[in-house]
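For reference, the structure discussed in these notes is given below.
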Amino acid sequence: MNKFMKIATIFMALAIIVAGGAFAQAKFHIGVVTGTVSQSEDDLRGAEQLIKEYKSVKDGGIIQHITYPDDFMSQQETFISSVVAFADDPLMKAVVINQAVPGSTEAFKRLKAKRPDILLLAGEPHEDPLVIESAADMAVNSDYVSRGYTIIWAAKQLGAKTFVHISFPRHMSYETLGRRRAIMEEACKDLGIRFAFETAPDPTSDVGVAGAQQFILEKVPQWLQKYGPNGEKVAFFCTNDAHTEPLLKQLLASKNGVFVEADLPSPLMGYPGALGIDLSKEAGNFPAILKKVEQAVVAKGGAGRFGTWAYSYGFTVTAGLGEFAKRVIEGKAKKDNLKDLFAAFAKYTPGAKWNGAYNIDMSTGVRAKNHALIYMDTYVMSTKGYYLPTTAQKVAEKYYQIKFQK
């Protein structure tokens with residue numbers, strides 16, 4: 001009986017090799033965890049890009065992709081267990097989570113306890129910086145410090161005389177968002193732009209998303225008249241995704257409204273709905289998406305007044321961290337080298353440039369060498385679209401020292 005079992009095992013192994021092709025040649029695997037299409041589509045599309053390039057493990061490639069539950073807050077243990085399960089694969093050498101939702105730190109710690117050799121990368125962590133830094137080999141956030149300055153700088157380049165920051169108390173209680181607002185206000189003083197703050201309803205309050213969006217639709221024309229009565233250009237920024245679409249819709253209908261980029265920039269953030277365009281045929285093709293959005297913006301008379309990141313932040317973080325992991329495993333990059341990280345991200349953002357710095361803990365002043373704050377050049381939509389060199393701007397050290405005050 002044992003003899004027959006051994007023979008059967010050999011034939012099964014041969015069948016897997018024949019069917020899988022490159023499976024026998026895979027030297028390592030990379031686990032990628034994202035939200036679902038309904039929760040964070042761009043993040044998932046980044047994983048699909050990695051599979052397109054390097055194939056999934058089941059097809060003989062190196063990428064093992066899973067998704068976390070949409071209601072991840074109530075299913076943290078399920079999420080954690082699914083991540084820790086990667087440790088059972090002897091070829092698993094890296095795990096990427098984007099977005100690193102609550103529970104990622106615990107998942108990383110349990111994974112590291114079982115497999116100290118696995119590289120752990122966190123995209124846009126939801127947990128406090130010191131928490132995720134205690135477990136991740138590298139965490140990546142959109143640079144709320146540098147962008148506090150560069151967004152104001154870009155607004156000035158586009159001719160804005162006033163910068164209007166729209167938010168609400170819950171968001172302003174967050175350290176990252178509160179610090180960025182303070183930095184923006186200071187940058188306005190330094191660059192000679194008037195800073196204004198306007199409060200809008202929280203979409204999670206009783207008014208809901210619909211009520212919050214209706215408020216924006218009604219208020220933006222009033223704010224444009226208030227801050228640009230003589231047709232002076234007024235730049236707007238909001239901290240909430242739900243506010244973005246109605247804000248863009250009203251700014252596109254104006255002649256003096258300016259929009260540099262969204263909180264988490266992407267040509268998909270607010271623009272399709274505000275412009276009434278269908279991008280289903282262009283799904284995942286960001287150059288094509290940007291071109292179609294840009295054409296619609298120009299047709300609306302918005303040339304030179306509207307910007308974005310040319311590529312989705314969520315898509316790029318997933319794909320970029322996956323590529324970065326591969327290069328580190330192959331010895332072509334170092335896990336704590338920002339230039340190597342930017343080079344991996346640049347693969348998926350041709351024509352755009354990245355910059356950033358390590359996160360600084362405000363209580364100690366210590367820079368974390370495993371937590372990068374990153375940002376991309378701003379793309380300005382026009383008849384001949386162009387990049388503003390935001391990543392080339394020198395962000396003074398004083399902006400990194402501005403503290404969050406509730």
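Following the order of the structure tokens, chains are lettered A, B, ..., residues in each are numbered from 1, and ligands are numbered from 1.
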Interface rows for region 281-366 of chain A against region 134-143 of chain A: nearest pair, Å to one decimal, 8 Å, only C-alpha atoms, as a tab-separated table:
residue	atom	partner	partner_atom	distance
A:Val317	CA	A:Val140	CA	8.0
A:Lys335	CA	A:Met138	CA	7.0
A:Asp336	CA	A:Met138	CA	7.1
A:Gly356	CA	A:Asp143	CA	6.6
A:Ala357	CA	A:Asp143	CA	8.0
* To do: Would you please extract all strand (DSSP E) residues from region 131-308 of chain A, as assigned by DSSP on the backbone, and give them as a list in words?
  => Met138, Ala139, Val140, Asn141, Ser142, Thr162, Phe163, Val164, His165, Ile166, Ser167, Arg194, Phe195, Ala196, Phe197, Glu198, Thr199, Val234, Ala235, Phe236, Phe237, Cys238, Gly257, Val258, Phe259, Phe306, Gly307 and Thr308 of chain A
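For the residues A:Arg45, A:Arg181, A:Arg194, A:Lys109, ranking by smallest atom-to-atom distance to Phe286 (chain A) using only C-alpha atoms places A:Arg45 first.
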* To do: Check the DSSP output for the backbone and give back, as number ranges by chain, the residues of region 144-387 of chain A in alpha helix (DSSP H).
  => A: 146-157, 169-172, 175-191, 208-227, 241-252, 271-275, 286-299, 313-329, 338-346
* To do: For region 291-306 of chain A, work out the shell of residues within 12 Å, counting only C-alpha atoms and skipping chain neighbours fewer than 6 positions away, then give it as a PyMOL selection string.
  => chain A and resi 154-160+233-237+247-262+266-283+285+378-388
For the residues in the current selection, export C-alpha atoms as a compact mmCIF listing (two decimals), in the first residue's frame.
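Output file again-v8.txt follows:
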# COMPACT_ATOMS: atom_id res chain seq x y z
CA ALA A 154 0.91 74.37 -6.29
CA ALA A 155 -2.19 76.47 -5.62
CA LYS A 156 -0.04 79.59 -5.97
CA GLN A 157 1.41 78.32 -9.25
CA LEU A 158 -2.16 77.97 -10.55
CA GLY A 159 -2.90 81.58 -9.65
CA ALA A 160 -4.91 81.15 -6.45
CA LYS A 233 -8.88 82.44 -8.28
CA VAL A 234 -9.77 80.49 -5.13
CA ALA A 235 -8.29 77.05 -4.42
CA PHE A 236 -10.28 74.49 -2.44
CA PHE A 237 -9.26 71.37 -0.52
CA LEU A 247 -16.91 70.23 -4.72
CA LEU A 248 -15.42 69.44 -8.13
CA LYS A 249 -18.82 69.71 -9.81
CA GLN A 250 -19.30 73.27 -8.59
CA LEU A 251 -15.72 74.35 -9.22
CA LEU A 252 -15.97 73.05 -12.80
CA ALA A 253 -19.08 75.19 -13.25
CA SER A 254 -17.18 78.28 -12.11
CA LYS A 255 -14.57 80.40 -13.83
CA ASN A 256 -12.30 80.99 -10.84
CA GLY A 257 -12.39 77.78 -8.81
CA VAL A 258 -9.09 75.88 -8.44
CA PHE A 259 -8.51 72.31 -7.24
CA VAL A 260 -4.93 71.11 -6.80
CA GLU A 261 -5.51 67.49 -5.77
CA ALA A 262 -7.62 65.31 -3.50
CA SER A 266 -6.36 59.86 -8.12
CA PRO A 267 -7.96 60.80 -11.45
CA LEU A 268 -10.79 58.58 -10.22
CA MET A 269 -11.36 60.57 -7.03
CA GLY A 270 -14.48 62.67 -7.61
CA TYR A 271 -13.81 63.47 -11.26
CA PRO A 272 -15.88 60.75 -13.02
CA GLY A 273 -19.04 61.63 -11.09
CA ALA A 274 -18.50 65.37 -11.29
CA LEU A 275 -17.92 65.17 -15.04
CA GLY A 276 -20.55 62.50 -15.74
CA ILE A 277 -18.18 60.23 -17.65
CA ASP A 278 -18.03 56.42 -17.87
CA LEU A 279 -14.58 54.94 -17.37
CA SER A 280 -15.50 51.24 -17.36
CA LYS A 281 -13.66 50.60 -20.63
CA GLU A 282 -10.53 52.26 -19.26
CA ALA A 283 -10.58 50.39 -15.92
CA ASN A 285 -5.44 51.81 -17.49
CA THR A 378 0.90 67.17 -9.28
CA TYR A 379 -0.45 66.76 -12.81
CA VAL A 380 -2.31 69.82 -14.14
CA MET A 381 -5.04 69.07 -16.67
CA SER A 382 -4.99 71.29 -19.74
CA THR A 383 -4.95 71.15 -23.55
CA LYS A 384 -1.33 70.13 -23.09
CA GLY A 385 -1.28 68.67 -19.58
CA TYR A 386 1.87 69.07 -17.55
CA TYR A 387 3.44 68.17 -14.22
CA LEU A 388 4.16 70.74 -11.55
Can you pull out every residue within 12 Å of Leu130 (chain A), counting only C-alpha atoms, but drop anything in the same chain fewer than 4 positions away, and send it as a PDB file with C-alpha atoms, in the first residue's frame?
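Below you can see around_36.pdb, which holds the result:
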ATOM      1  CA  THR A 105       0.103  45.167  13.500  1.00  0.00           C
ATOM      2  CA  PRO A 125      -1.845  52.036   7.755  1.00  0.00           C
ATOM      3  CA  HIS A 126      -4.951  52.925   9.752  1.00  0.00           C
ATOM      4  CA  SER A 134       6.563  48.326  15.959  1.00  0.00           C
ATOM      5  CA  ALA A 135       5.828  45.483  13.535  1.00  0.00           C
ATOM      6  CA  ALA A 136       6.294  46.481   9.882  1.00  0.00           C
ATOM      7  CA  ALA A 139       5.061  51.312   6.288  1.00  0.00           C
ATOM      8  CA  ASN A 359       8.049  59.887   9.584  1.00  0.00           C
ATOM      9  CA  ILE A 360       9.049  61.871  12.686  1.00  0.00           C
ATOM     10  CA  ASP A 361       7.558  61.105  16.078  1.00  0.00           C
ATOM     11  CA  MET A 362       6.559  64.510  17.445  1.00  0.00           C
ATOM     12  CA  SER A 363       7.008  63.452  21.072  1.00  0.00           C
ATOM     13  CA  THR A 364      10.637  62.388  20.637  1.00  0.00           C
ATOM     14  CA  VAL A 366      13.052  60.662  16.188  1.00  0.00           C
ATOM     15  CA  ARG A 367      12.687  59.679  12.521  1.00  0.00           C
ATOM     16  CA  ALA A 368      11.396  56.152  11.960  1.00  0.00           C
ATOM     17  CA  LYS A 369      13.530  54.407   9.351  1.00  0.00           C
ATOM     18  CA  ASN A 370      10.701  51.981   8.620  1.00  0.00           C
ATOM     19  CA  HIS A 371       7.881  54.477   7.940  1.00  0.00           C
TER      20      HIS A 371
END
